[in-house]
Amino acid sequence: MRLSTRIALAVGATVPVLVLATGWLLLRLVAADLHDQQDAHLRESAAAVAKDARGLLRASAADRSAAVEQARERRLFTSALDVGVRLIGPGETFTGGPQPAQEVSLPVSAPVPVTLRADGDTWRVLSTRVTGGRPGVRGTLWLFAPDTAGATQLRLVRRRVVTVALLAAPLSGLLAGAVAGRASRPLRRLRDSASGLDPRTSAARLDHTPARITEVDDLAHTLQTVLSRYDEQAARTEEALATARSFASAAAHELRTPLMSMQTNLEILTAHPGLPAPDRDEVLDDLHREHTRLLGLLVMLRELGRGDLVEADAFGPVDLGDVVEASVREQRRRHPRARVVGDCPPGLRVYGWEPGLRTVLDNLLTNALVHGGGADGRPAHVDVTLRASGDDAVLVVDDRGPGIAPERRADVFKRFERGPDSPGSGLGLTLVAQQIDLHRGRVRVLEPPGGAGTRVEVVLPLMGGPAGTRATLPRQRNWVITTAGAGPQEFHKEDS
């Protein structure tokens, strides 16, 4: 059923009810007015006939002649006009004009007008005490006004109210239908515009001109928001599918070498069961190393995939000092011979994804511990500092290893880029770069102050600054598929 039809039916049903309700109130008011008029007339008549009633009582008490008594009686009834009169004296009752039958019981008294119903008729009745001027000469004067005129007027008003209600139903319904049809025209235009959209086959979206009707404009805005979210989710789904395909391709390509090496070593062990112990130990060490690399590669690819698929609602306030301190404690536990020194003041809060920030710290410290040892086998020494600089938090990780040549510092963030003697997967620093990009930060490989070793500097926006109040994820996140270009000493994928 159309909206305009519903409105027409609702108005057509409501208006007669309102007419009847107001008609009932009108009847009550008219009845009250008629009663007031009758009561005023009764009081005026009572005042007019009171003198003649006293004269009639005196004449009756004095036993005047019948002619005198009749003359006073006629004068009494004449002065009452259209009002019925009943004068009840000590020994005689005088009646005249319209009034109830004698056998109808009257109220004990009616100093104010009351309603009396008798034999299907309705009367307004008023009584007053009358004295004849002599001791013992007194009586009660009753005045009666028939209520037929008022009942006739009320029936007329009632009939007209019902007539108006019956006419108002169809007329108000038709008028409401016409008005509602015109008022809902912007809604029909919005329906026509929205019905032609198909996000699966066309990139066209809802183009709505404000109708200055709040409900219609709000509905159009809601539809535009829904379509925008549909586009975002469709894009994210497409990215997720591309990430899954790339993950499978990258995994197949990168896993081929360690798997083939492991297969070769297994074939050696199978073909030569009597292999000398030194050679057998070497083969087993090689198998263990390739297995570790294989496992690390799978873990890193999984973490890259998580970063590509993370949503903005996963971000929130994070105390960067707590994250750094937790990572330092974990690395000390894993590498008890190494020395990891951390200077991490609390209270530096960023708006970020805590698992991603923890991944950044874990990979930076692991990389520094693996490559930060001395050439003579000395344990690694890593310094971690965290400080505020304007609206940014600056994290610095220094090691005392052989360092990275300036021409190679831009390449360390690329996928599967690793040194010839590195036991890692070549994805640790790529994962760091991905997370820094998601957090709208910067990461650089620098020359340490002492000249020896490697310094990695991470800059993240603090909460409260112009860029640290909410998560604004990059439009393209394809780290499993490829790695964005980097400058010679700095990686910053914010504009991708």
# chains A, B, ... in the order shown; residues from 1 in each chain; ligands from 1
call {"tool": "select_by_dssp", "arguments": {"residues": "range 419-464 of chain A", "states": "alpha helix (DSSP H)", "output": "list in words"}}
result
Gly428, Leu429, Thr430, Leu431, Val432, Ala433, Gln434, Gln435, Ile436, Asp437 and Leu438 of chain A
call {"tool": "write_last_selection", "arguments": {"atoms": "all heavy atoms", "output": "CSV table (one decimal), in the first residue's frame"}}
result
chain,number,residue,atom,x,y,z
A,428,GLY,N,61.4,-9.4,8.3
A,428,GLY,CA,61.2,-8.7,9.6
A,428,GLY,C,61.1,-7.2,9.5
A,428,GLY,O,60.2,-6.6,10.0
A,429,LEU,N,62.1,-6.6,8.7
A,429,LEU,CA,62.0,-5.2,8.6
A,429,LEU,C,60.9,-4.7,7.6
A,429,LEU,O,60.4,-3.6,7.7
A,429,LEU,CB,63.4,-4.6,8.1
A,429,LEU,CG,64.5,-4.8,9.1
A,429,LEU,CD1,65.8,-4.2,8.6
A,429,LEU,CD2,64.1,-4.0,10.4
A,430,THR,N,60.5,-5.6,6.7
A,430,THR,CA,59.3,-5.3,5.9
A,430,THR,C,58.1,-5.2,6.7
A,430,THR,O,57.2,-4.3,6.6
A,430,THR,CB,59.1,-6.4,4.8
A,430,THR,OG1,60.3,-6.5,4.0
A,430,THR,CG2,57.9,-6.1,3.9
A,431,LEU,N,58.0,-6.1,7.7
A,431,LEU,CA,56.9,-6.0,8.6
A,431,LEU,C,56.9,-4.8,9.5
A,431,LEU,O,55.9,-4.1,9.8
A,431,LEU,CB,56.9,-7.3,9.5
A,431,LEU,CG,55.7,-7.6,10.4
A,431,LEU,CD1,54.4,-7.7,9.5
A,431,LEU,CD2,55.9,-8.9,11.2
A,432,VAL,N,58.1,-4.3,9.9
A,432,VAL,CA,58.2,-3.1,10.6
A,432,VAL,C,57.7,-1.9,9.8
A,432,VAL,O,57.0,-1.0,10.2
A,432,VAL,CB,59.7,-2.9,11.0
A,432,VAL,CG1,59.9,-1.4,11.6
A,432,VAL,CG2,60.1,-3.9,12.1
A,433,ALA,N,58.2,-1.9,8.5
A,433,ALA,CA,57.8,-0.8,7.6
A,433,ALA,C,56.3,-0.8,7.4
A,433,ALA,O,55.6,0.3,7.3
A,433,ALA,CB,58.5,-0.9,6.3
A,434,GLN,N,55.7,-2.0,7.3
A,434,GLN,CA,54.2,-2.0,7.1
A,434,GLN,C,53.5,-1.4,8.3
A,434,GLN,O,52.6,-0.6,8.1
A,434,GLN,CB,53.8,-3.5,6.9
A,434,GLN,CG,52.3,-3.6,6.7
A,434,GLN,CD,51.8,-5.0,7.1
A,434,GLN,OE1,52.2,-5.6,8.2
A,434,GLN,NE2,51.0,-5.6,6.3
A,435,GLN,N,53.9,-1.8,9.5
A,435,GLN,CA,53.2,-1.3,10.7
A,435,GLN,C,53.4,0.2,10.9
A,435,GLN,O,52.5,0.9,11.3
A,435,GLN,CB,53.7,-2.0,11.9
A,435,GLN,CG,53.2,-3.5,11.9
A,435,GLN,CD,51.7,-3.7,11.9
A,435,GLN,OE1,51.0,-2.8,12.5
A,435,GLN,NE2,51.3,-4.7,11.2
A,436,ILE,N,54.6,0.7,10.6
A,436,ILE,CA,54.9,2.1,10.7
A,436,ILE,C,54.0,2.9,9.6
A,436,ILE,O,53.5,4.0,9.9
A,436,ILE,CB,56.3,2.4,10.4
A,436,ILE,CG1,57.2,1.8,11.5
A,436,ILE,CG2,56.6,3.9,10.4
A,436,ILE,CD1,56.8,2.1,12.9
A,437,ASP,N,53.8,2.3,8.5
A,437,ASP,CA,52.9,2.9,7.5
A,437,ASP,C,51.5,3.0,8.0
A,437,ASP,O,50.8,4.0,7.8
A,437,ASP,CB,53.1,2.1,6.2
A,437,ASP,CG,52.2,2.7,5.1
A,437,ASP,OD1,52.0,3.9,5.0
A,437,ASP,OD2,51.5,1.9,4.4
A,438,LEU,N,51.0,1.9,8.6
A,438,LEU,CA,49.7,1.8,9.1
A,438,LEU,C,49.5,2.9,10.2
A,438,LEU,O,48.3,3.4,10.4
A,438,LEU,CB,49.3,0.4,9.6
A,438,LEU,CG,49.2,-0.7,8.6
A,438,LEU,CD1,49.0,-2.0,9.4
A,438,LEU,CD2,48.1,-0.4,7.6
call {"tool": "residues_around", "arguments": {"residues": "range 42-56 of chain A", "least_positions_apart": "6", "cutoff": "7 Å", "atoms": "only C-alpha atoms", "output": "JSON, numbers by chain"}}
result
{"A": [69, 72, 73, 75, 76, 79, 80, 126, 130, 131, 132, 143]}
call {"tool": "atom_distance", "arguments": {"atom1": "CA of Ser228 in chain A", "atom2": "CA of Gly464 in chain A"}}
result
28.8 Å
call {"tool": "residues_around", "arguments": {"residues": "Gly451 in chain A", "least_positions_apart": "3", "cutoff": "12 Å", "atoms": "only C-alpha atoms", "output": "PyMOL selection string"}}
result
chain A and resi 398-405+446-448+454-455
call {"tool": "closest_residue", "arguments": {"among": "A:Leu26, A:Asp147, A:Glu92, A:Arg117", "to": "Gln38 in chain A", "atoms": "only C-alpha atoms"}}
result
A:Asp147
call {"tool": "residues_around", "arguments": {"residues": "Thr385 in chain A", "least_positions_apart": "3", "cutoff": "7 Å", "atoms": "only C-alpha atoms", "output": "tab-separated table (two decimals) with C-alpha atoms, in the first residue's frame"}}
result
chain	number	residue	atom	x	y	z
A	342	GLY	CA	65.92	0.37	27.65
A	343	ASP	CA	65.07	3.98	28.48
A	344	CYS	CA	61.28	4.05	28.13
A	395	LEU	CA	61.95	5.46	19.19
A	396	VAL	CA	65.64	4.69	18.57
A	397	VAL	CA	67.21	1.20	18.52
call {"tool": "atom_distance", "arguments": {"atom1": "CA of Met463 in chain A", "atom2": "CA of Arg329 in chain A"}}
result
25.2 Å
call {"tool": "atom_distance", "arguments": {"atom1": "CA of Glu303 in chain A", "atom2": "CA of Ser249 in chain A"}}
result
16.0 Å
call {"tool": "residues_around", "arguments": {"residues": "Leu357 in chain A", "least_positions_apart": "3", "cutoff": "12 Å", "atoms": "only C-alpha atoms", "output": "ChimeraX atom specification"}}
result
/A:307,315-324,326-327,349-354,360-364,395,431-439,441,458,460
call {"tool": "closest_residue", "arguments": {"among": "A:Leu106, A:Ile213, A:Ala71, A:Ala151", "to": "Arg185 in chain A", "atoms": "only C-alpha atoms"}}
result
A:Ile213
call {"tool": "residues_around", "arguments": {"residues": "Leu369 in chain A", "least_positions_apart": "6", "cutoff": "8 Å", "atoms": "only C-alpha atoms", "output": "list in words"}}
result
Ala338, Ala380, His381, Val382 and Asp399 of chain A
call {"tool": "write_last_selection", "arguments": {"atoms": "C-alpha atoms", "output": "CSV table (one decimal), in the first residue's frame"}}
result
chain,number,residue,atom,x,y,z
A,338,ALA,CA,72.9,-10.3,25.4
A,380,ALA,CA,75.0,-8.3,21.3
A,381,HIS,CA,74.5,-4.9,23.0
A,382,VAL,CA,71.3,-3.1,22.2
A,399,ASP,CA,73.2,-2.0,18.1
call {"tool": "closest_residue", "arguments": {"among": "A:Pro100, A:Gly173, A:Pro379, A:Gly347", "to": "Thr5 in chain A", "atoms": "only C-alpha atoms"}}
result
A:Gly173
call {"tool": "closest_residue", "arguments": {"among": "A:Arg159, A:Arg138, A:Arg408, A:Arg129", "to": "Leu27 in chain A", "atoms": "only C-alpha atoms"}}
result
A:Arg159
call {"tool": "select_by_dssp", "arguments": {"residues": "range 47-287 of chain A", "states": "strand (DSSP E or B)", "output": "ChimeraX atom specification"}}
result
/A:84-88,93-96,114-118,121-131,138-146
call {"tool": "residues_around", "arguments": {"residues": "Leu219 in chain A", "least_positions_apart": "5", "cutoff": "10 Å", "atoms": "only C-alpha atoms", "output": "list in words"}}
result
Leu187, Leu190, Thr214, Gln224 and Thr225 of chain A
call {"tool": "closest_residue", "arguments": {"among": "A:Val456, A:Leu34, A:Val108, A:Ala252", "to": "Ala145 in chain A", "atoms": "only C-alpha atoms"}}
result
A:Leu34
